[in-house]
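Enquirer: For reference, the file model.txt (compact mmCIF, C-alpha atoms and all ligand atoms) is included below:
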```
# COMPACT_ATOMS: atom_id res chain seq x y z
CA MET W 1 0.00 0.00 0.00
CA GLN W 2 1.25 3.44 -0.85
CA PHE W 3 0.32 7.05 -0.53
CA PRO W 4 -2.39 8.29 -0.93
CA ASP W 5 -4.12 5.00 0.04
CA TYR W 6 -1.80 4.45 2.98
CA ARG W 7 -1.31 7.41 5.29
CA PRO W 8 0.91 6.64 8.33
CA ARG W 9 -0.28 9.86 9.99
CA ARG W 10 -3.71 8.27 10.60
CA MET W 11 -2.30 6.34 13.54
CA ARG W 12 -0.52 9.37 14.98
CA ARG W 13 -3.57 11.58 15.33
CA THR W 14 -4.31 11.22 19.05
CA GLU W 15 -2.45 10.14 22.15
CA ARG W 16 -4.58 7.01 22.51
CA LEU W 17 -3.97 6.03 18.89
CA ARG W 18 -0.25 6.55 19.32
CA GLY W 19 -0.26 4.59 22.55
CA MET W 20 -2.12 1.73 20.90
CA VAL W 21 0.55 1.21 18.24
CA ARG W 22 3.64 2.05 20.32
CA GLU W 23 6.22 -0.70 19.86
CA THR W 24 8.47 0.02 22.82
CA ARG W 25 7.33 0.92 26.29
CA LEU W 26 9.30 1.69 29.39
CA ALA W 27 8.27 0.06 32.62
CA VAL W 28 9.38 0.90 36.15
CA SER W 29 10.51 -2.71 36.47
CA ASP W 30 13.10 -2.15 33.71
CA PHE W 31 15.24 -0.07 36.03
CA ILE W 32 18.17 -0.74 38.32
CA TYR W 33 19.24 2.27 40.39
CA PRO W 34 22.96 2.77 41.14
CA MET W 35 23.99 4.07 44.56
CA PHE W 36 27.33 5.19 46.03
CA VAL W 37 27.94 4.00 49.57
CA VAL W 38 30.40 5.92 51.75
CA PRO W 39 31.66 5.29 55.31
CA GLY W 40 29.85 6.75 58.30
CA SER W 41 26.23 7.23 59.21
CA GLY W 42 23.66 9.89 58.48
CA VAL W 43 25.60 10.97 55.40
CA SER W 44 23.80 12.17 52.28
CA ARG W 45 26.01 14.47 50.25
CA GLU W 46 25.28 15.56 46.71
CA ILE W 47 27.86 14.48 44.15
CA GLN W 48 28.96 17.64 42.38
CA SER W 49 29.48 16.12 38.98
CA MET W 50 26.14 14.27 39.14
CA PRO W 51 23.37 16.67 40.21
CA GLY W 52 20.61 14.82 42.05
CA GLN W 53 22.84 11.86 43.04
CA ASN W 54 24.31 11.49 46.49
CA HIS W 55 27.06 9.84 48.45
CA LEU W 56 25.13 7.85 51.04
CA SER W 57 26.21 6.12 54.21
CA ALA W 58 24.81 2.60 54.63
CA ASP W 59 21.82 3.74 56.73
CA ARG W 60 20.85 6.38 54.18
CA ALA W 61 21.39 3.98 51.31
CA VAL W 62 18.86 1.64 52.91
CA GLU W 63 16.35 4.52 52.99
CA ALA W 64 17.01 5.29 49.33
CA ALA W 65 16.58 1.61 48.51
CA ARG W 66 13.19 1.67 50.20
CA ALA W 67 12.16 4.69 48.11
CA ALA W 68 13.23 2.83 44.96
CA PHE W 69 11.27 -0.24 46.00
CA ASP W 70 8.16 1.80 46.78
CA LEU W 71 8.29 3.24 43.26
CA GLY W 72 8.33 -0.28 41.81
CA ILE W 73 11.96 -0.24 40.67
CA SER W 74 13.36 -3.76 40.39
CA GLY W 75 16.68 -3.32 42.06
CA VAL W 76 19.69 -1.28 43.05
CA ILE W 77 23.37 -1.70 42.27
CA LEU W 78 25.84 -0.67 44.95
CA PHE W 79 29.26 0.93 44.58
CA GLY W 80 31.46 1.41 47.61
CA LEU W 81 34.00 4.01 48.65
CA PRO W 82 36.30 2.59 51.31
CA GLU W 83 37.53 4.03 54.58
CA ARG W 84 41.08 3.46 53.39
CA LYS W 85 42.59 2.57 50.03
CA ASP W 86 45.57 0.26 49.61
CA ALA W 87 47.58 -1.33 46.81
CA VAL W 88 45.26 -4.31 46.30
CA GLY W 89 41.95 -2.80 47.40
CA SER W 90 41.46 -5.17 50.33
CA GLU W 91 38.49 -3.31 51.80
CA ALA W 92 36.46 -4.58 48.84
CA TRP W 93 36.24 -8.03 50.43
CA SER W 94 35.87 -6.91 54.04
CA ASP W 95 32.68 -8.31 55.55
CA LYS W 96 32.45 -5.01 57.45
CA GLY W 97 32.71 -2.89 54.28
CA GLY W 98 30.11 -0.28 53.40
CA VAL W 99 28.66 -2.28 50.51
CA GLN W 100 28.37 -5.41 52.66
CA GLN W 101 26.66 -3.40 55.44
CA THR W 102 24.24 -1.91 52.96
CA ILE W 103 23.41 -5.29 51.45
CA ARG W 104 22.57 -6.64 54.91
CA GLY W 105 20.57 -3.51 55.74
CA ILE W 106 18.50 -3.60 52.57
CA LYS W 107 17.86 -7.33 52.82
CA LYS W 108 16.49 -6.75 56.33
CA ALA W 109 14.46 -3.61 55.63
CA VAL W 110 13.32 -4.20 52.03
CA PRO W 111 13.78 -7.91 51.36
CA GLY W 112 11.82 -7.81 48.12
CA LEU W 113 14.22 -5.46 46.35
CA VAL W 114 16.86 -7.00 44.08
CA VAL W 115 20.30 -6.09 45.40
CA ALA W 116 23.23 -6.13 43.01
CA ALA W 117 26.76 -5.12 43.98
CA ASP W 118 29.50 -3.97 41.65
CA ALA W 119 32.62 -6.03 42.20
CA CYS W 120 35.66 -4.00 41.23
CA PHE W 121 38.75 -2.52 42.81
CA CYS W 122 39.25 0.90 41.22
CA GLU W 123 37.45 2.62 44.11
CA TYR W 124 39.47 0.60 46.63
CA THR W 125 43.03 0.77 45.31
CA ASP W 126 45.38 3.68 45.95
CA HIS W 127 46.43 3.62 42.27
CA GLY W 128 42.85 3.58 40.96
CA HIS W 129 43.20 0.58 38.67
CA CYS W 130 40.71 -2.28 38.67
CA GLY W 131 42.97 -4.90 40.29
CA VAL W 132 46.50 -5.77 41.33
CA LEU W 133 49.26 -3.84 39.55
CA VAL W 134 52.61 -5.38 38.72
CA GLY W 135 54.75 -2.56 37.38
CA ASP W 136 52.37 -0.63 35.18
CA GLU W 137 50.34 -3.67 34.15
CA LEU W 138 47.18 -5.03 35.69
CA ASP W 139 47.95 -8.60 36.80
CA ASN W 140 44.94 -10.45 35.51
CA ASP W 141 45.14 -13.69 37.45
CA ALA W 142 46.16 -12.19 40.80
CA SER W 143 43.22 -9.80 40.47
CA LEU W 144 40.85 -12.71 39.86
CA GLU W 145 41.64 -14.20 43.27
CA ASN W 146 40.65 -10.95 44.98
CA LEU W 147 37.57 -10.67 42.82
CA ALA W 148 36.48 -14.13 43.92
CA ARG W 149 36.95 -13.09 47.58
CA THR W 150 34.84 -10.00 46.99
CA ALA W 151 32.05 -11.93 45.30
CA VAL W 152 31.89 -14.39 48.20
CA SER W 153 31.90 -11.58 50.75
CA TYR W 154 28.93 -9.94 48.98
CA ALA W 155 27.18 -13.31 48.89
CA ARG W 156 27.73 -13.81 52.63
CA ALA W 157 26.03 -10.42 53.15
CA GLY W 158 23.02 -11.65 51.15
CA VAL W 159 23.44 -10.10 47.72
CA ASP W 160 21.20 -11.33 44.89
CA ILE W 161 23.51 -10.43 42.02
CA VAL W 162 27.26 -9.95 41.84
CA ALA W 163 28.32 -7.63 39.02
CA PRO W 164 32.02 -7.90 38.20
CA SER W 165 32.97 -4.78 36.23
CA GLY W 166 36.73 -4.91 35.81
CA MET W 167 36.89 -6.47 32.32
CA LEU W 168 39.50 -8.98 33.45
CA ASP W 169 39.78 -12.13 31.38
CA GLY W 170 38.04 -15.04 33.06
CA PHE W 171 36.31 -12.87 35.66
CA VAL W 172 32.88 -14.43 35.33
CA GLY W 173 34.19 -17.98 35.63
CA ALA W 174 36.25 -17.05 38.69
CA CYS W 175 33.19 -15.55 40.42
CA ARG W 176 30.96 -18.50 39.52
CA GLU W 177 33.43 -21.08 40.72
CA SER W 178 34.10 -19.43 44.06
CA LEU W 179 30.42 -18.69 44.69
CA ASP W 180 29.52 -22.31 44.02
CA GLU W 181 32.39 -23.65 46.13
CA GLU W 182 31.24 -21.57 49.08
CA GLY W 183 27.64 -22.71 48.77
CA PHE W 184 26.21 -19.66 47.00
CA SER W 185 24.93 -21.30 43.83
CA GLN W 186 21.75 -19.18 44.07
CA VAL W 187 23.66 -15.90 43.65
CA ALA W 188 23.49 -14.61 40.07
CA ILE W 189 26.19 -12.92 38.03
CA MET W 190 25.57 -9.86 35.90
CA ALA W 191 28.66 -9.53 33.72
CA TYR W 192 29.93 -6.20 32.46
CA SER W 193 30.67 -8.11 29.27
CA ALA W 194 31.17 -5.36 26.75
CA LYS W 195 32.50 -2.45 28.73
CA TYR W 196 34.21 0.20 26.66
CA ALA W 197 37.11 2.45 27.67
CA SER W 198 34.84 5.47 27.69
CA ALA W 199 35.13 9.18 28.43
CA PHE W 200 31.52 9.02 29.57
CA TYR W 201 32.63 7.55 32.92
CA GLY W 202 34.14 10.92 33.87
CA PRO W 203 31.55 12.04 36.44
CA PHE W 204 31.50 8.55 38.03
CA ARG W 205 35.23 8.60 38.60
CA ASP W 206 34.76 11.86 40.43
CA ALA W 207 31.89 10.33 42.41
CA ALA W 208 33.72 7.09 43.16
CA ASP W 209 37.16 8.68 43.46
CA SER W 210 38.36 5.97 41.12
CA ALA W 211 40.32 7.72 38.37
CA PRO W 212 43.61 5.91 37.68
CA GLN W 213 46.56 7.79 39.18
CA ARG W 214 48.69 6.81 36.20
CA GLY W 215 47.78 5.53 32.76
CA ASP W 216 44.26 4.61 31.75
CA ARG W 217 41.98 1.59 31.42
CA ARG W 218 42.52 0.90 27.75
CA GLY W 219 44.58 -2.18 28.60
CA TYR W 220 41.46 -3.94 29.90
CA GLN W 221 38.34 -2.06 28.76
CA MET W 222 37.25 -2.32 25.14
CA ASP W 223 38.23 -0.10 22.25
CA PRO W 224 35.27 2.08 21.16
CA GLY W 225 35.82 1.13 17.53
CA ASN W 226 35.04 -2.54 18.06
CA ALA W 227 31.66 -4.20 17.58
CA ARG W 228 32.39 -7.82 16.68
CA GLU W 229 34.69 -8.05 19.69
CA ALA W 230 31.73 -7.11 21.91
CA VAL W 231 29.78 -10.10 20.68
CA ARG W 232 32.81 -12.30 21.29
CA GLU W 233 33.25 -10.94 24.84
CA VAL W 234 29.60 -11.60 25.58
CA GLY W 235 29.95 -15.15 24.28
CA LEU W 236 32.87 -15.79 26.64
CA ASP W 237 30.87 -14.57 29.63
CA VAL W 238 27.91 -16.71 28.66
CA SER W 239 30.15 -19.76 28.51
CA GLU W 240 31.66 -18.87 31.92
CA GLY W 241 28.23 -18.81 33.52
CA ALA W 242 26.86 -15.24 33.32
CA ASP W 243 23.15 -14.92 34.13
CA VAL W 244 22.81 -11.40 32.72
CA VAL W 245 25.16 -9.72 30.26
CA MET W 246 25.75 -6.01 29.93
CA VAL W 247 26.74 -3.39 27.41
CA LYS W 248 28.21 -0.18 28.79
CA PRO W 249 27.88 2.78 28.14
CA ALA W 250 24.42 2.73 26.58
CA LEU W 251 23.63 5.69 24.33
CA PRO W 252 26.87 5.87 22.31
CA TYR W 253 26.68 2.05 21.93
CA LEU W 254 23.08 1.39 20.89
CA ASP W 255 24.34 -0.56 17.89
CA ILE W 256 26.25 -2.86 20.24
CA ILE W 257 23.14 -3.38 22.36
CA ARG W 258 21.26 -4.40 19.23
CA ALA W 259 24.03 -6.71 18.03
CA VAL W 260 24.22 -8.46 21.40
CA ALA W 261 20.44 -8.71 21.72
CA ASP W 262 20.30 -10.42 18.34
CA GLU W 263 23.08 -12.82 19.29
CA VAL W 264 22.35 -14.03 22.84
CA ASP W 265 19.20 -15.17 24.59
CA LEU W 266 20.23 -14.19 28.12
CA PRO W 267 18.73 -11.08 29.72
CA LEU W 268 20.62 -8.02 28.50
CA ALA W 269 21.36 -4.99 30.64
CA ALA W 270 22.60 -1.62 29.41
CA TYR W 271 24.31 0.92 31.65
CA ASN W 272 23.19 4.49 31.05
CA VAL W 273 26.39 5.86 32.58
CA SER W 274 27.29 8.95 34.55
CA GLY W 275 28.38 11.06 31.57
CA GLU W 276 25.12 10.39 29.76
CA TYR W 277 23.25 11.45 32.90
CA SER W 278 25.29 14.55 33.68
CA MET W 279 25.26 15.88 30.10
CA LEU W 280 21.50 15.88 30.17
CA LYS W 281 21.41 17.56 33.59
CA ALA W 282 23.88 20.22 32.45
CA ALA W 283 22.00 21.03 29.26
CA ALA W 284 18.67 21.12 31.11
CA ALA W 285 20.10 23.43 33.79
CA ARG W 286 20.94 25.91 31.03
CA GLY W 287 17.48 25.62 29.57
CA TRP W 288 18.84 24.09 26.38
CA ILE W 289 16.82 20.91 26.47
CA ASP W 290 13.53 19.63 27.90
CA HIS W 291 14.89 17.39 30.62
CA ASP W 292 12.00 15.00 31.13
CA ARG W 293 11.29 14.45 27.45
CA ALA W 294 14.96 13.97 26.59
CA MET W 295 15.34 11.53 29.49
CA MET W 296 12.35 9.41 28.50
CA GLU W 297 13.41 9.45 24.85
CA ALA W 298 16.93 8.35 25.75
CA LEU W 299 15.70 5.56 28.03
CA THR W 300 13.21 4.40 25.40
CA SER W 301 15.99 4.25 22.81
CA ILE W 302 17.96 1.90 25.05
CA ARG W 303 14.97 -0.43 25.35
CA ARG W 304 14.26 -0.15 21.63
CA ALA W 305 17.85 -1.15 20.85
CA GLY W 306 17.20 -4.41 22.71
CA ALA W 307 18.09 -3.97 26.39
CA ASP W 308 15.83 -5.72 28.89
CA ILE W 309 17.26 -3.95 31.92
CA ILE W 310 18.42 -0.33 32.17
CA ILE W 311 20.86 0.65 34.88
CA THR W 312 20.29 4.36 35.25
CA TYR W 313 20.73 7.26 37.66
CA HIS W 314 17.42 8.52 36.25
CA ALA W 315 15.56 5.52 37.70
CA LEU W 316 13.69 7.36 40.45
CA GLU W 317 12.68 10.40 38.38
CA ALA W 318 11.73 8.27 35.38
CA ALA W 319 9.70 5.95 37.61
CA ARG W 320 7.79 8.92 39.01
CA LEU W 321 6.92 10.08 35.50
CA LEU W 322 5.86 6.59 34.45
CA ARG W 323 3.60 6.34 37.47
CA GLN W 324 1.93 9.58 36.36
CA GLY W 325 1.35 7.95 32.99
CA ILE W 326 4.01 10.01 31.22
CA GLY W 327 6.41 8.31 28.88
C1 LIG W 401 34.30 0.49 37.92
C2 LIG W 401 33.14 1.09 37.24
C3 LIG W 401 33.06 2.27 36.46
C4 LIG W 401 31.70 2.47 36.19
C5 LIG W 401 31.02 1.43 36.78
N1 LIG W 401 31.92 0.58 37.39
C6 LIG W 401 34.08 3.25 36.06
C7 LIG W 401 35.23 2.88 35.26
O1 LIG W 401 35.35 1.81 34.69
O2 LIG W 401 36.10 3.75 35.20
C8 LIG W 401 31.13 3.62 35.43
C9 LIG W 401 29.74 3.98 35.79
C10 LIG W 401 29.30 5.30 35.29
O3 LIG W 401 30.04 6.07 34.63
O4 LIG W 401 28.15 5.63 35.58
N2 LIG W 401 35.10 -0.34 37.18
```
I need this file expressed as structure tokens, please.

Expert:
Amino acid sequence: MQFPDYRPRRMRRTERLRGMVRETRLAVSDFIYPMFVVPGSGVSREIQSMPGQNHLSADRAVEAARAAFDLGISGVILFGLPERKDAVGSEAWSDKGGVQQTIRGIKKAVPGLVVAADACFCEYTDHGHCGVLVGDELDNDASLENLARTAVSYARAGVDIVAPSGMLDGFVGACRESLDEEGFSQVAIMAYSAKYASAFYGPFRDAADSAPQRGDRRGYQMDPGNAREAVREVGLDVSEGADVVMVKPALPYLDIIRAVADEVDLPLAAYNVSGEYSMLKAAAARGWIDHDRAMMEALTSIRRAGADIIITYHALEAARLLRQGIG
């Protein structure tokens, strides 16, 4: 059928018509909300580079988790800032660490909420790299041992999902093996499978105080020019036992999300990262863009590209709009 017999505008005439034929819809349950846990209690401090996001002590993080749950958000993902950094990032696997405390707190106060925890060392090491350094190189296999310790420590605290984010080779298999050995076969793994060496992590590194002191992460995170390699990375993680795979960042990598969605049948998460969030906030603060519409459009594009789960700092504000029937 062709014009003038077929007129696509017929189905765009009213909001109800448009809603009836909409192919992609956001749901509150699509979202995972990231939180930054800091030492102390009663702390809620806005992160300068990420307006609207806060550094939270464990007690406050539990309150924020309850707010997320009450909005219908599926889960949270926790990042920790340690009391003290050292060369190997040993506070990451301390059962008394802030992330572990928060996991226990949320599981007590809001047991229905999915709790994921990011397992990485860049926030915990004094050099800011995602594992053990030997000279200027990240020692892959030594870092895996510490990663396994961290995963088990999170599991002991009651985490639902461990999310290793360091892009070390073999990191999913190492987590799976140690979790199973320690009796935590029910704990799932969300693998940061295709994580690019991206400038869009800038505000996060400020928030997590995790910028490398020397060098950069291009020796372990992926080159932005590569697409086929992303599919290969995802395949490795699937074979090592990942339960959910992830593409990160989201908006500059929508093609990668689509390629992975077409290739694997596991649930696919996309991480709408700090730079994507803060750019929108900055433009909206200057009155250059309609914040809410741009946010919903961006989140919809991530779903449309094929992501099942969206990890986003916008989770709470987007959920509120969705509950008002907007979006
Ligand atoms: C740690 C980690 C990073 C992010 C999540 N986990 C930063 C990095 O790799 O430098 C980025 C999240 C964001 O920018 O929102 N490995």

Enquirer: Can you tell me which residues come within 9 Å of ligand LIG 401 (chain W) when counting only C-alpha atoms and all ligand atoms, ideally as a VMD selection string?

Expert: chain W and resid 34 79 118 to 123 128 to 130 164 to 167 192 195 to 205 208 210 to 212 216 to 217 221 248 to 249 271 to 277 311 to 313

Enquirer: For atom CA of W:Glu46 and atom CA of W:Asp206, quote the distance in Å rounded to one decimal.

Expert: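 A separation of 12.0 Å between them.
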
Enquirer: Give me the residues near W:Val62 as a PDB file with C-alpha atoms, in the frame of the given file, where near means some atom within 7 Å (using only C-alpha atoms) and where sequence neighbours in that chain fewer than 2 positions away do not count.

Expert:
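As written to disk, part-v6.pdb reads:
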```
ATOM      1  CA  ALA W  58      24.810   2.600  54.630  1.00  0.00           C
ATOM      2  CA  ASP W  59      21.820   3.740  56.730  1.00  0.00           C
ATOM      3  CA  ARG W  60      20.850   6.380  54.180  1.00  0.00           C
ATOM      4  CA  ALA W  64      17.010   5.290  49.330  1.00  0.00           C
ATOM      5  CA  ALA W  65      16.580   1.610  48.510  1.00  0.00           C
ATOM      6  CA  ARG W  66      13.190   1.670  50.200  1.00  0.00           C
ATOM      7  CA  THR W 102      24.240  -1.910  52.960  1.00  0.00           C
ATOM      8  CA  GLY W 105      20.570  -3.510  55.740  1.00  0.00           C
ATOM      9  CA  ILE W 106      18.500  -3.600  52.570  1.00  0.00           C
TER      10      ILE W 106
END
```

Enquirer: In Å, with one decimal, what is the gap from atom CA of W:Gly98 to atom CA of W:His127?

Expert: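 According to the coordinates, atom CA of W:Gly98 and atom CA of W:His127 are separated by 20.1 Å.
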
Enquirer: Tell me, in Å to one decimal, how far atom CA of W:Met296 is from atom CA of W:His314.

Expert: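 Value for the atom CA of W:Met296-atom CA of W:His314 distance: 9.3 Å.
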
Enquirer: Measuring atom to atom with only C-alpha atoms, identify which of W:Met11, W:Val260, W:Ile161, W:Leu26 is nearest to W:Met246.

Expert: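 Closest to W:Met246, using only C-alpha atoms: W:Val260.
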
Enquirer: Using all atoms listed in the file for the distances, tell me which of W:Asp160, W:Ala230, W:Leu316, W:Gly327 is nearest to W:Tyr253.

Expert: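 Checking each of W:Asp160, W:Ala230, W:Leu316, W:Gly327 against W:Tyr253, counting all atoms listed in the file, the winner is W:Ala230.
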
Enquirer: Please check which residues have atoms at most 9 Å from (16.7, 2.8, 37.5) in the file's coordinates, counting only C-alpha atoms, and write them as a list in words.

Expert: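 Residues found, by chain and rising number: Val28, Ser29, Asp30, Phe31, Ile32, Tyr33, Pro34, Ala68, Ile73, Ser74, Gly75, Val76, Ile309, Ile310, Ile311, Thr312, Tyr313, His314, Ala315, Leu316, Glu317, Ala318 and Ala319 of chain W.
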
Enquirer: From the set W:Ser239, W:Thr300, W:Asn226, W:Gln324, which residue has the shortest atom-to-atom contact distance to W:Arg176, counting all atoms listed in the file?

Expert: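 Under the stated criterion, the closest residue is W:Ser239.
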
Enquirer: Mind checking which residues fall within 12 Å of W:Glu23, counting all atoms listed in the file, ignoring those fewer than 2 positions away in the same chain, and posting them as a list in words?

Expert: Arg18, Gly19, Met20, Val21, Arg25, Leu26, Thr300, Ser301, Arg303, Arg304, Ala305 and Gly306 of chain W

Enquirer: Would you save the residues of that selection, restricted to C-alpha atoms, as a PDB file, keeping the file's coordinate frame?

Expert:
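Saved the output as part-v4.pdb:
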```pdb
ATOM      1  CA  ARG W  18      -0.250   6.550  19.320  1.00  0.00           C
ATOM      2  CA  GLY W  19      -0.260   4.590  22.550  1.00  0.00           C
ATOM      3  CA  MET W  20      -2.120   1.730  20.900  1.00  0.00           C
ATOM      4  CA  VAL W  21       0.550   1.210  18.240  1.00  0.00           C
ATOM      5  CA  ARG W  25       7.330   0.920  26.290  1.00  0.00           C
ATOM      6  CA  LEU W  26       9.300   1.690  29.390  1.00  0.00           C
ATOM      7  CA  THR W 300      13.210   4.400  25.400  1.00  0.00           C
ATOM      8  CA  SER W 301      15.990   4.250  22.810  1.00  0.00           C
ATOM      9  CA  ARG W 303      14.970  -0.430  25.350  1.00  0.00           C
ATOM     10  CA  ARG W 304      14.260  -0.150  21.630  1.00  0.00           C
ATOM     11  CA  ALA W 305      17.850  -1.150  20.850  1.00  0.00           C
ATOM     12  CA  GLY W 306      17.200  -4.410  22.710  1.00  0.00           C
TER      13      GLY W 306
END
```

Enquirer: Nearest residue to W:Ala227 out of W:Ala207, W:Met279, W:Ile256, W:Arg214, using all atoms listed in the file?

Expert: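 Closest residue, counting all atoms listed in the file: W:Ile256.
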
Enquirer: Some atoms are missing, so please complete stretch 279-287 of chain W with all heavy atoms and return it as a PDB file, keeping the file's coordinate frame.

Expert:
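Final output, out07.pdb:
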```pdb
ATOM      1  N   MET W 279      25.414  15.013  31.293  1.00  0.00           N
ATOM      2  CA  MET W 279      25.260  15.880  30.100  1.00  0.00           C
ATOM      3  C   MET W 279      23.847  16.406  30.018  1.00  0.00           C
ATOM      4  O   MET W 279      23.614  17.574  29.721  1.00  0.00           O
ATOM      5  CB  MET W 279      25.558  15.087  28.817  1.00  0.00           C
ATOM      6  CG  MET W 279      27.018  14.908  28.529  1.00  0.00           C
ATOM      7  SD  MET W 279      27.336  14.446  26.818  1.00  0.00           S
ATOM      8  CE  MET W 279      26.294  13.036  26.606  1.00  0.00           C
ATOM      9  N   LEU W 280      22.903  15.486  30.254  1.00  0.00           N
ATOM     10  CA  LEU W 280      21.500  15.880  30.170  1.00  0.00           C
ATOM     11  C   LEU W 280      21.165  16.898  31.270  1.00  0.00           C
ATOM     12  O   LEU W 280      20.499  17.916  31.021  1.00  0.00           O
ATOM     13  CB  LEU W 280      20.635  14.634  30.319  1.00  0.00           C
ATOM     14  CG  LEU W 280      19.275  14.638  29.657  1.00  0.00           C
ATOM     15  CD1 LEU W 280      18.803  13.220  29.441  1.00  0.00           C
ATOM     16  CD2 LEU W 280      18.265  15.381  30.500  1.00  0.00           C
ATOM     17  N   LYS W 281      21.656  16.636  32.471  1.00  0.00           N
ATOM     18  CA  LYS W 281      21.410  17.560  33.590  1.00  0.00           C
ATOM     19  C   LYS W 281      21.999  18.932  33.275  1.00  0.00           C
ATOM     20  O   LYS W 281      21.381  19.959  33.562  1.00  0.00           O
ATOM     21  CB  LYS W 281      22.038  17.025  34.872  1.00  0.00           C
ATOM     22  CG  LYS W 281      21.388  15.777  35.411  1.00  0.00           C
ATOM     23  CD  LYS W 281      20.015  16.066  35.961  1.00  0.00           C
ATOM     24  CE  LYS W 281      19.311  14.784  36.357  1.00  0.00           C
ATOM     25  NZ  LYS W 281      17.869  14.943  36.501  1.00  0.00           N
ATOM     26  N   ALA W 282      23.203  18.946  32.717  1.00  0.00           N
ATOM     27  CA  ALA W 282      23.880  20.220  32.450  1.00  0.00           C
ATOM     28  C   ALA W 282      23.138  21.015  31.382  1.00  0.00           C
ATOM     29  O   ALA W 282      22.929  22.226  31.522  1.00  0.00           O
ATOM     30  CB  ALA W 282      25.325  19.958  32.023  1.00  0.00           C
ATOM     31  N   ALA W 283      22.709  20.327  30.332  1.00  0.00           N
ATOM     32  CA  ALA W 283      22.000  21.030  29.260  1.00  0.00           C
ATOM     33  C   ALA W 283      20.643  21.529  29.764  1.00  0.00           C
ATOM     34  O   ALA W 283      20.226  22.650  29.441  1.00  0.00           O
ATOM     35  CB  ALA W 283      21.815  20.102  28.059  1.00  0.00           C
ATOM     36  N   ALA W 284      19.984  20.725  30.583  1.00  0.00           N
ATOM     37  CA  ALA W 284      18.670  21.120  31.110  1.00  0.00           C
ATOM     38  C   ALA W 284      18.815  22.317  32.048  1.00  0.00           C
ATOM     39  O   ALA W 284      17.982  23.237  32.034  1.00  0.00           O
ATOM     40  CB  ALA W 284      18.010  19.948  31.821  1.00  0.00           C
ATOM     41  N   ALA W 285      19.895  22.324  32.845  1.00  0.00           N
ATOM     42  CA  ALA W 285      20.100  23.430  33.790  1.00  0.00           C
ATOM     43  C   ALA W 285      20.266  24.755  33.050  1.00  0.00           C
ATOM     44  O   ALA W 285      19.935  25.816  33.569  1.00  0.00           O
ATOM     45  CB  ALA W 285      21.325  23.149  34.656  1.00  0.00           C
ATOM     46  N   ARG W 286      20.779  24.694  31.824  1.00  0.00           N
ATOM     47  CA  ARG W 286      20.940  25.910  31.030  1.00  0.00           C
ATOM     48  C   ARG W 286      19.704  26.234  30.207  1.00  0.00           C
ATOM     49  O   ARG W 286      19.716  27.179  29.430  1.00  0.00           O
ATOM     50  CB  ARG W 286      22.151  25.755  30.103  1.00  0.00           C
ATOM     51  CG  ARG W 286      23.460  25.905  30.824  1.00  0.00           C
ATOM     52  CD  ARG W 286      24.599  25.345  29.981  1.00  0.00           C
ATOM     53  NE  ARG W 286      25.878  25.498  30.673  1.00  0.00           N
ATOM     54  CZ  ARG W 286      26.236  24.795  31.733  1.00  0.00           C
ATOM     55  NH1 ARG W 286      25.417  23.895  32.244  1.00  0.00           N
ATOM     56  NH2 ARG W 286      27.409  24.979  32.303  1.00  0.00           N
ATOM     57  N   GLY W 287      18.700  25.374  30.343  1.00  0.00           N
ATOM     58  CA  GLY W 287      17.480  25.620  29.570  1.00  0.00           C
ATOM     59  C   GLY W 287      17.617  25.262  28.102  1.00  0.00           C
ATOM     60  O   GLY W 287      16.834  25.705  27.258  1.00  0.00           O
TER      61      GLY W 287
END
```
